file structure31.txt (compact mmCIF, C-alpha atoms and all ligand atoms)
# COMPACT_ATOMS: atom_id res chain seq x y z
CA MET A 1 52.05 -24.62 91.71
CA ARG A 2 54.29 -25.82 88.88
CA HIS A 3 58.05 -25.26 89.07
CA PRO A 4 59.46 -23.75 85.85
CA VAL A 5 62.04 -25.69 83.85
CA VAL A 6 64.33 -24.06 81.29
CA MET A 7 66.34 -26.53 79.24
CA GLY A 8 69.04 -25.97 76.64
CA ASN A 9 69.15 -28.28 73.64
CA TRP A 10 72.67 -27.94 72.27
CA LYS A 11 71.91 -30.18 69.29
CA LEU A 12 75.02 -31.13 67.27
CA ASN A 13 77.17 -28.31 68.59
CA GLY A 14 80.20 -28.47 70.80
CA SER A 15 83.85 -29.20 71.40
CA LYS A 16 85.67 -29.90 74.67
CA GLU A 17 86.60 -26.23 74.89
CA MET A 18 83.11 -25.00 74.13
CA VAL A 19 81.44 -27.35 76.64
CA SER A 20 83.84 -26.31 79.41
CA ASP A 21 83.54 -22.59 78.67
CA LEU A 22 79.76 -22.65 78.36
CA LEU A 23 79.24 -24.59 81.59
CA LYS A 24 81.77 -22.51 83.50
CA GLY A 25 79.93 -19.42 82.27
CA LEU A 26 76.55 -20.88 83.25
CA ASN A 27 77.81 -21.94 86.68
CA ALA A 28 78.78 -18.32 87.30
CA GLU A 29 75.65 -16.75 85.76
CA LEU A 30 73.31 -19.00 87.76
CA GLU A 31 74.92 -18.30 91.13
CA GLY A 32 72.13 -17.45 93.57
CA VAL A 33 69.35 -17.95 91.01
CA GLU A 34 66.41 -19.77 92.58
CA GLY A 35 62.90 -20.69 91.54
CA VAL A 36 63.75 -22.35 88.22
CA ASP A 37 65.22 -25.69 87.21
CA VAL A 38 67.92 -25.23 84.59
CA ALA A 39 68.93 -28.19 82.44
CA VAL A 40 71.27 -28.72 79.50
CA ALA A 41 71.35 -31.45 76.88
CA PRO A 42 74.84 -31.62 75.34
CA PRO A 43 75.73 -33.98 72.48
CA ALA A 44 76.26 -37.51 73.89
CA LEU A 45 80.05 -37.43 73.53
CA TYR A 46 80.29 -34.47 75.89
CA ILE A 47 77.99 -35.72 78.66
CA ASP A 48 80.96 -37.00 80.68
CA LEU A 49 82.73 -33.64 80.54
CA ALA A 50 79.46 -31.82 81.23
CA GLU A 51 78.85 -33.93 84.34
CA ARG A 52 82.28 -32.94 85.68
CA GLU A 53 81.85 -29.23 84.89
CA ILE A 54 78.39 -29.18 86.48
CA ALA A 55 79.74 -30.87 89.62
CA ALA A 56 82.62 -28.36 89.79
CA GLY A 57 80.00 -25.59 89.79
CA GLY A 58 78.10 -27.10 92.72
CA ASN A 59 75.49 -29.09 90.75
CA LYS A 60 73.21 -26.13 90.09
CA ILE A 61 72.46 -27.42 86.59
CA ILE A 62 70.51 -30.54 85.68
CA LEU A 63 72.21 -32.75 83.12
CA GLY A 64 70.14 -34.04 80.22
CA ALA A 65 70.54 -35.68 76.85
CA GLN A 66 69.05 -35.45 73.37
CA ASN A 67 68.02 -39.05 72.78
CA THR A 68 67.83 -42.58 74.14
CA ASP A 69 67.65 -46.10 72.80
CA LEU A 70 64.88 -48.57 73.69
CA ASN A 71 67.36 -51.03 75.24
CA ASN A 72 69.75 -50.82 78.16
CA SER A 73 72.50 -52.98 76.62
CA GLY A 74 73.20 -55.47 73.88
CA ALA A 75 73.76 -55.61 70.14
CA PHE A 76 72.52 -52.15 69.20
CA THR A 77 75.43 -50.50 67.40
CA GLY A 78 75.66 -46.75 67.77
CA ASP A 79 73.01 -46.39 70.43
CA MET A 80 72.97 -44.97 73.94
CA SER A 81 70.86 -46.35 76.77
CA PRO A 82 69.02 -44.94 79.80
CA ALA A 83 71.33 -46.97 82.05
CA MET A 84 74.36 -45.27 80.49
CA LEU A 85 72.76 -41.84 80.75
CA LYS A 86 72.04 -42.48 84.42
CA ASP A 87 75.62 -43.61 84.92
CA PHE A 88 76.70 -40.07 83.96
CA GLY A 89 74.05 -38.36 86.05
CA ALA A 90 71.78 -37.37 83.15
CA SER A 91 68.12 -37.26 84.10
CA HIS A 92 66.14 -35.11 81.64
CA ILE A 93 66.04 -36.74 78.23
CA ILE A 94 64.62 -35.04 75.15
CA ILE A 95 62.54 -37.33 72.94
CA GLY A 96 60.42 -36.70 69.87
CA HIS A 97 62.28 -33.57 68.79
CA SER A 98 61.03 -32.56 65.34
CA GLU A 99 64.54 -33.00 63.93
CA ARG A 100 64.53 -36.66 65.01
CA ARG A 101 60.97 -37.15 63.81
CA GLU A 102 61.99 -35.74 60.41
CA TYR A 103 65.59 -36.93 59.83
CA HIS A 104 65.27 -40.29 61.61
CA ALA A 105 61.64 -41.01 60.72
CA GLU A 106 60.63 -41.38 64.38
CA SER A 107 56.88 -42.02 64.62
CA ASP A 108 54.54 -41.06 67.46
CA GLU A 109 54.45 -44.74 68.48
CA PHE A 110 58.25 -45.06 68.53
CA VAL A 111 58.56 -41.88 70.59
CA ALA A 112 55.92 -43.21 73.00
CA LYS A 113 58.01 -46.38 73.48
CA LYS A 114 61.02 -44.23 74.36
CA PHE A 115 58.83 -42.32 76.81
CA ALA A 116 57.82 -45.57 78.53
CA PHE A 117 61.40 -46.86 78.66
CA LEU A 118 62.73 -43.66 80.18
CA LYS A 119 60.04 -43.77 82.88
CA GLU A 120 60.76 -47.43 83.53
CA ASN A 121 64.39 -46.42 84.14
CA GLY A 122 63.50 -43.55 86.46
CA LEU A 123 64.41 -40.78 83.99
CA THR A 124 62.42 -37.67 83.03
CA PRO A 125 61.16 -37.63 79.46
CA VAL A 126 61.03 -34.21 77.81
CA LEU A 127 58.44 -35.00 75.15
CA CYS A 128 58.55 -32.63 72.18
CA ILE A 129 55.35 -32.09 70.24
CA GLY A 130 54.30 -29.53 67.67
CA GLU A 131 52.93 -28.85 64.25
CA SER A 132 54.49 -28.03 60.90
CA GLU A 133 53.83 -24.75 59.13
CA ALA A 134 51.36 -26.43 56.76
CA GLN A 135 49.50 -28.03 59.66
CA ASN A 136 49.42 -24.67 61.41
CA GLU A 137 47.99 -22.95 58.34
CA ALA A 138 45.41 -25.73 57.98
CA GLY A 139 44.24 -25.13 61.58
CA GLU A 140 45.43 -28.57 62.70
CA THR A 141 47.72 -27.50 65.55
CA GLU A 142 45.56 -28.69 68.46
CA ALA A 143 44.76 -31.99 66.73
CA VAL A 144 48.46 -32.70 65.97
CA CYS A 145 49.47 -31.99 69.58
CA ALA A 146 46.62 -34.13 70.93
CA ARG A 147 47.60 -37.03 68.64
CA GLN A 148 51.26 -36.86 69.71
CA ILE A 149 50.30 -36.86 73.42
CA ASP A 150 47.69 -39.58 72.92
CA ALA A 151 50.43 -41.91 71.66
CA VAL A 152 51.64 -41.88 75.29
CA ILE A 153 48.28 -41.68 77.08
CA ASN A 154 46.69 -44.49 75.05
CA THR A 155 49.56 -46.90 75.69
CA GLN A 156 50.61 -45.95 79.23
CA GLY A 157 47.68 -44.12 80.78
CA VAL A 158 47.47 -40.43 81.59
CA GLU A 159 49.36 -41.00 84.88
CA ALA A 160 52.49 -41.66 82.81
CA LEU A 161 52.67 -37.89 82.23
CA GLU A 162 53.20 -37.30 85.96
CA GLY A 163 56.73 -36.02 86.49
CA ALA A 164 57.35 -35.78 82.75
CA ILE A 165 57.81 -32.58 80.76
CA ILE A 166 56.02 -31.67 77.54
CA ALA A 167 57.73 -29.21 75.20
CA TYR A 168 55.37 -27.57 72.72
CA GLU A 169 57.58 -26.61 69.78
CA PRO A 170 55.89 -25.36 66.62
CA ILE A 171 58.27 -26.71 63.96
CA TRP A 172 58.10 -23.50 61.91
CA ALA A 173 59.44 -21.57 64.93
CA ILE A 174 62.48 -23.77 65.60
CA GLY A 175 65.73 -22.08 64.64
CA THR A 176 63.92 -19.64 62.34
CA GLY A 177 63.64 -16.53 64.50
CA LYS A 178 59.91 -16.70 63.69
CA ALA A 179 58.67 -17.30 67.24
CA ALA A 180 55.00 -17.87 68.06
CA THR A 181 53.43 -14.91 69.82
CA ALA A 182 53.11 -15.38 73.57
CA GLU A 183 49.31 -15.23 73.19
CA ASP A 184 49.23 -17.92 70.48
CA ALA A 185 51.58 -20.14 72.48
CA GLN A 186 49.40 -19.68 75.59
CA ARG A 187 46.29 -20.68 73.60
CA ILE A 188 47.95 -23.92 72.45
CA HIS A 189 49.39 -24.66 75.89
CA ALA A 190 45.92 -24.22 77.40
CA SER A 191 44.48 -26.60 74.81
CA ILE A 192 47.19 -29.19 75.55
CA ARG A 193 46.44 -28.90 79.27
CA ALA A 194 42.68 -29.17 78.63
CA HIS A 195 43.25 -32.27 76.51
CA ILE A 196 45.12 -33.91 79.40
CA ALA A 197 42.55 -32.63 81.93
CA ALA A 198 39.82 -34.49 80.06
CA LYS A 199 41.58 -37.64 81.36
CA SER A 200 42.93 -36.31 84.67
CA GLU A 201 42.69 -32.78 86.04
CA GLU A 202 45.30 -33.61 88.64
CA VAL A 203 47.89 -34.67 86.08
CA ALA A 204 47.03 -31.70 83.82
CA ASN A 205 47.52 -29.24 86.67
CA LYS A 206 50.89 -30.71 87.57
CA VAL A 207 52.52 -31.35 84.21
CA VAL A 208 55.17 -28.85 83.10
CA ILE A 209 54.59 -27.59 79.55
CA GLN A 210 57.53 -25.72 78.04
CA TYR A 211 57.42 -23.54 74.94
CA GLY A 212 60.20 -23.95 72.40
CA GLY A 213 60.91 -22.12 69.16
CA SER A 214 63.23 -19.12 68.85
CA VAL A 215 63.07 -18.21 72.55
CA LYS A 216 65.54 -15.40 73.24
CA PRO A 217 66.24 -13.14 76.23
CA GLU A 218 64.19 -10.43 74.45
CA ASN A 219 60.95 -12.45 74.18
CA ALA A 220 61.27 -14.85 77.13
CA GLU A 221 59.48 -12.68 79.68
CA ALA A 222 56.32 -12.49 77.55
CA TYR A 223 56.10 -16.30 77.37
CA PHE A 224 56.66 -16.81 81.08
CA ALA A 225 53.98 -14.25 81.93
CA GLN A 226 51.43 -16.69 80.44
CA PRO A 227 49.73 -18.98 82.97
CA ASP A 228 50.18 -22.24 81.02
CA ILE A 229 53.79 -21.71 79.88
CA ASP A 230 55.99 -23.32 82.52
CA GLY A 231 59.43 -22.81 81.02
CA ALA A 232 61.24 -23.16 77.73
CA LEU A 233 63.22 -25.57 75.58
CA VAL A 234 65.90 -23.41 74.03
CA GLY A 235 68.14 -24.16 71.05
CA GLY A 236 70.26 -21.35 69.59
CA ALA A 237 70.17 -19.06 72.62
CA ALA A 238 71.28 -21.92 74.88
CA LEU A 239 74.74 -21.83 73.28
CA ASP A 240 75.55 -18.55 74.96
CA ALA A 241 75.84 -18.54 78.76
CA LYS A 242 74.58 -14.98 79.23
CA SER A 243 71.59 -15.41 76.90
CA PHE A 244 70.57 -18.78 78.32
CA ALA A 245 70.95 -17.59 81.92
CA ALA A 246 68.89 -14.48 81.10
CA ILE A 247 66.06 -16.75 79.88
CA ALA A 248 66.29 -18.87 83.04
CA LYS A 249 66.27 -15.76 85.24
CA ALA A 250 63.21 -14.42 83.37
CA ALA A 251 61.38 -17.67 84.17
CA ALA A 252 62.35 -17.51 87.84
CA THR A 253 61.18 -13.89 88.13
CA ALA A 254 57.93 -14.33 86.21
CA LYS A 255 56.84 -17.46 88.04
CA LYS A 256 57.69 -16.01 91.45
CA ALA A 257 55.41 -13.03 90.74
C1 LIG B 1 64.98 -26.52 69.68
O1 LIG B 1 65.84 -26.98 68.99
O2 LIG B 1 64.34 -27.25 70.43
C2 LIG B 1 64.71 -25.07 69.61
C3 LIG B 1 63.65 -24.61 70.21
O3 LIG B 1 65.60 -24.30 68.90
P1 LIG B 1 65.63 -22.68 68.80
O4 LIG B 1 65.50 -22.14 70.19
O5 LIG B 1 66.94 -22.36 68.17
O6 LIG B 1 64.46 -22.28 67.96

call {"tool": "encode", "arguments": {"input": "structure31.txt", "output": "structure tokens"}}
result
Amino acid sequence: MRHPVVMGNWKLNGSKEMVSDLLKGLNAELEGVEGVDVAVAPPALYIDLAEREIAAGGNKIILGAQNTDLNNSGAFTGDMSPAMLKDFGASHIIIGHSERREYHAESDEFVAKKFAFLKENGLTPVLCIGESEAQNEAGETEAVCARQIDAVINTQGVEALEGAIIAYEPIWAIGTGKAATAEDAQRIHASIRAHIAAKSEEVANKVVIQYGGSVKPENAEAYFAQPDIDGALVGGAALDAKSFAAIAKAAATAKKA
């Protein structure tokens, strides 16, 4: 049985006040909630403050980050390493988000190297995959997702996916309010799992596959009712404690049932 994971990607949003208020709110909202792992990925500058707020709330929330470098130290101006992330208690690290693939020209191969380096450092990669609107309309969704996962499998073996998280995020659904239907998302999740199962059924059965793309409290339950949707990567709705906690609670309830 897979344990659901709901993660908030705060992107480039925050201030000291906002980080404190949001985490204080989440600490309160998540009191007594069991059966779901809840993680947040604040902007790098606020990870220190987030670690302290999460600790003050009894460490109910997993700390994450939105990126990593491929080195642990050295002459790499502007970068942030797995060792530094670990130093602040961050464990779940988003890689391959479509915004980084697009605005920073990150290739499948580059993302796969980040995946390997996170694993080497004992961190949990949250590997984002997903197709563009044009690829979706051309019927290429499954092939795009398979190619993005194969960049990891072909370089590190299918076992590398053990303990990692895959986030299926159709690019056209991110931040647009145009969410995939729960049925369509389930179909793609099942195809991703089948693709992994062709290499290892054991790994496929264990790997957590989140859906991401305009998940809100109003549509969350329908996603989590699907057998292959094991949680969510949430952008906009993660910036509000009540909304994000409602999504986490929906996952806990649905997966307990
Ligand atoms: C995201 O940025 O990963 C995301 C899914 O954003 P949103 O929930 O706002 O669509």

call {"tool": "closest_residue", "arguments": {"input": "structure31.txt", "among": "A:Lys199, A:Lys178, A:Arg147, A:Arg101", "to": "ligand LIG 1 (chain B)", "atoms": "all atoms listed in the file"}}
result
A:Lys178

call {"tool": "atom_distance", "arguments": {"input": "structure31.txt", "atom1": "CA of Ile196 in chain A", "atom2": "CA of Lys216 in chain A"}}
result
28.2 Å

call {"tool": "atom_distance", "arguments": {"input": "structure31.txt", "atom1": "CA of Ser191 in chain A", "atom2": "CA of Ser107 in chain A"}}
result
22.3 Å

call {"tool": "closest_atom_pairs", "arguments": {"input": "structure31.txt", "of": "range 191-226 of chain A", "to": "range 250-255 of chain A", "cutoff": "12 Å", "atoms": "all atoms listed in the file", "output": "tab-separated table"}}
result
residue	atom	partner	partner_atom	distance
A:Gln210	CA	A:Ala251	CA	10.8
A:Tyr211	CA	A:Ala251	CA	11.6
A:Val215	CA	A:Ala250	CA	11.5
A:Lys216	CA	A:Ala250	CA	10.4
A:Pro217	CA	A:Ala250	CA	7.9
A:Glu218	CA	A:Ala250	CA	9.8
A:Asn219	CA	A:Ala250	CA	9.7
A:Ala220	CA	A:Ala250	CA	6.5
A:Glu221	CA	A:Ala250	CA	5.5
A:Ala222	CA	A:Ala254	CA	9.0
A:Tyr223	CA	A:Ala251	CA	8.7
A:Phe224	CA	A:Ala251	CA	5.7
A:Ala225	CA	A:Ala254	CA	5.8
A:Gln226	CA	A:Ala254	CA	9.0

call {"tool": "residues_near_ligand", "arguments": {"input": "structure31.txt", "ligand": "ligand LIG 1 (chain B)", "cutoff": "7 Å", "atoms": "all atoms listed in the file", "output": "PDB file with C-alpha atoms, in the frame of the given file"}}
result
ATOM      1  CA  ASN A   9      69.150 -28.280  73.640  1.00  0.00           C
ATOM      2  CA  LYS A  11      71.910 -30.180  69.290  1.00  0.00           C
ATOM      3  CA  HIS A  97      62.280 -33.570  68.790  1.00  0.00           C
ATOM      4  CA  GLU A 169      57.580 -26.610  69.780  1.00  0.00           C
ATOM      5  CA  ALA A 173      59.440 -21.570  64.930  1.00  0.00           C
ATOM      6  CA  ILE A 174      62.480 -23.770  65.600  1.00  0.00           C
ATOM      7  CA  GLY A 175      65.730 -22.080  64.640  1.00  0.00           C
ATOM      8  CA  THR A 176      63.920 -19.640  62.340  1.00  0.00           C
ATOM      9  CA  GLY A 177      63.640 -16.530  64.500  1.00  0.00           C
ATOM     10  CA  GLY A 212      60.200 -23.950  72.400  1.00  0.00           C
ATOM     11  CA  GLY A 213      60.910 -22.120  69.160  1.00  0.00           C
ATOM     12  CA  SER A 214      63.230 -19.120  68.850  1.00  0.00           C
ATOM     13  CA  VAL A 215      63.070 -18.210  72.550  1.00  0.00           C
ATOM     14  CA  LEU A 233      63.220 -25.570  75.580  1.00  0.00           C
ATOM     15  CA  VAL A 234      65.900 -23.410  74.030  1.00  0.00           C
ATOM     16  CA  GLY A 235      68.140 -24.160  71.050  1.00  0.00           C
ATOM     17  CA  GLY A 236      70.260 -21.350  69.590  1.00  0.00           C
ATOM     18  CA  ALA A 237      70.170 -19.060  72.620  1.00  0.00           C
TER      19      ALA A 237
END

call {"tool": "closest_residue", "arguments": {"input": "structure31.txt", "among": "A:Lys206, A:Arg2, A:His104, A:Lys119", "to": "His92 in chain A", "atoms": "only C-alpha atoms"}}
result
A:Lys119

call {"tool": "residues_around", "arguments": {"input": "structure31.txt", "residues": "Leu239 in chain A", "least_positions_apart": "2", "cutoff": "12 Å", "atoms": "only C-alpha atoms", "output": "ChimeraX atom specification"}}
result
/A:7-15,18-23,25-26,40-42,216,234-237,241-245

call {"tool": "write_last_selection", "arguments": {"input": "structure31.txt", "atoms": "C-alpha atoms", "output": "PDB file, in the frame of the given file"}}
result
ATOM      1  CA  MET A   7      66.340 -26.530  79.240  1.00  0.00           C
ATOM      2  CA  GLY A   8      69.040 -25.970  76.640  1.00  0.00           C
ATOM      3  CA  ASN A   9      69.150 -28.280  73.640  1.00  0.00           C
ATOM      4  CA  TRP A  10      72.670 -27.940  72.270  1.00  0.00           C
ATOM      5  CA  LYS A  11      71.910 -30.180  69.290  1.00  0.00           C
ATOM      6  CA  LEU A  12      75.020 -31.130  67.270  1.00  0.00           C
ATOM      7  CA  ASN A  13      77.170 -28.310  68.590  1.00  0.00           C
ATOM      8  CA  GLY A  14      80.200 -28.470  70.800  1.00  0.00           C
ATOM      9  CA  SER A  15      83.850 -29.200  71.400  1.00  0.00           C
ATOM     10  CA  MET A  18      83.110 -25.000  74.130  1.00  0.00           C
ATOM     11  CA  VAL A  19      81.440 -27.350  76.640  1.00  0.00           C
ATOM     12  CA  SER A  20      83.840 -26.310  79.410  1.00  0.00           C
ATOM     13  CA  ASP A  21      83.540 -22.590  78.670  1.00  0.00           C
ATOM     14  CA  LEU A  22      79.760 -22.650  78.360  1.00  0.00           C
ATOM     15  CA  LEU A  23      79.240 -24.590  81.590  1.00  0.00           C
ATOM     16  CA  GLY A  25      79.930 -19.420  82.270  1.00  0.00           C
ATOM     17  CA  LEU A  26      76.550 -20.880  83.250  1.00  0.00           C
ATOM     18  CA  VAL A  40      71.270 -28.720  79.500  1.00  0.00           C
ATOM     19  CA  ALA A  41      71.350 -31.450  76.880  1.00  0.00           C
ATOM     20  CA  PRO A  42      74.840 -31.620  75.340  1.00  0.00           C
ATOM     21  CA  LYS A 216      65.540 -15.400  73.240  1.00  0.00           C
ATOM     22  CA  VAL A 234      65.900 -23.410  74.030  1.00  0.00           C
ATOM     23  CA  GLY A 235      68.140 -24.160  71.050  1.00  0.00           C
ATOM     24  CA  GLY A 236      70.260 -21.350  69.590  1.00  0.00           C
ATOM     25  CA  ALA A 237      70.170 -19.060  72.620  1.00  0.00           C
ATOM     26  CA  ALA A 241      75.840 -18.540  78.760  1.00  0.00           C
ATOM     27  CA  LYS A 242      74.580 -14.980  79.230  1.00  0.00           C
ATOM     28  CA  SER A 243      71.590 -15.410  76.900  1.00  0.00           C
ATOM     29  CA  PHE A 244      70.570 -18.780  78.320  1.00  0.00           C
ATOM     30  CA  ALA A 245      70.950 -17.590  81.920  1.00  0.00           C
TER      31      ALA A 245
END

call {"tool": "residues_near_point", "arguments": {"input": "structure31.txt", "point": "(49.0, -37.5, 69.3)", "cutoff": "12 Å", "atoms": "only C-alpha atoms", "output": "JSON, numbers by chain"}}
result
{"A": [96, 107, 108, 109, 110, 111, 112, 127, 128, 129, 130, 131, 140, 141, 142, 143, 144, 145, 146, 147, 148, 149, 150, 151, 152, 153, 154, 155, 192, 195, 196]}

call {"tool": "atom_distance", "arguments": {"input": "structure31.txt", "atom1": "CA of Ala164 in chain A", "atom2": "CA of Pro125 in chain A"}}
result
5.4 Å

call {"tool": "closest_residue", "arguments": {"input": "structure31.txt", "among": "A:Ile54, A:Ala116, A:Arg193, A:Leu45", "to": "Gly78 in chain A", "atoms": "all atoms listed in the file"}}
result
A:Leu45

call {"tool": "residues_near_point", "arguments": {"input": "structure31.txt", "point": "(51.4, -33.1, 83.4)", "cutoff": "8 Å", "atoms": "all atoms listed in the file", "output": "ChimeraX atom specification"}}
result
/A:161-166,193,196,203-209

call {"tool": "write_last_selection", "arguments": {"input": "structure31.txt", "atoms": "C-alpha atoms", "output": "compact mmCIF listing (two decimals), keeping the file's coordinate frame"}}
result
# COMPACT_ATOMS: atom_id res chain seq x y z
CA LEU A 161 52.67 -37.89 82.23
CA GLU A 162 53.20 -37.30 85.96
CA GLY A 163 56.73 -36.02 86.49
CA ALA A 164 57.35 -35.78 82.75
CA ILE A 165 57.81 -32.58 80.76
CA ILE A 166 56.02 -31.67 77.54
CA ARG A 193 46.44 -28.90 79.27
CA ILE A 196 45.12 -33.91 79.40
CA VAL A 203 47.89 -34.67 86.08
CA ALA A 204 47.03 -31.70 83.82
CA ASN A 205 47.52 -29.24 86.67
CA LYS A 206 50.89 -30.71 87.57
CA VAL A 207 52.52 -31.35 84.21
CA VAL A 208 55.17 -28.85 83.10
CA ILE A 209 54.59 -27.59 79.55

call {"tool": "residues_around", "arguments": {"input": "structure31.txt", "residues": "Met80 in chain A", "least_positions_apart": "4", "cutoff": "9 Å", "atoms": "only C-alpha atoms", "output": "PyMOL selection string"}}
result
chain A and resi 44+67-73+76+84-85

call {"tool": "closest_residue", "arguments": {"input": "structure31.txt", "among": "A:Asp87, A:Asp230, A:Glu201, A:Glu51", "to": "His189 in chain A", "atoms": "all atoms listed in the file"}}
result
A:Asp230

call {"tool": "closest_residue", "arguments": {"input": "structure31.txt", "among": "A:Gly139, A:Leu30, A:Thr77, A:Phe88", "to": "Leu49 in chain A", "atoms": "all atoms listed in the file"}}
result
A:Phe88
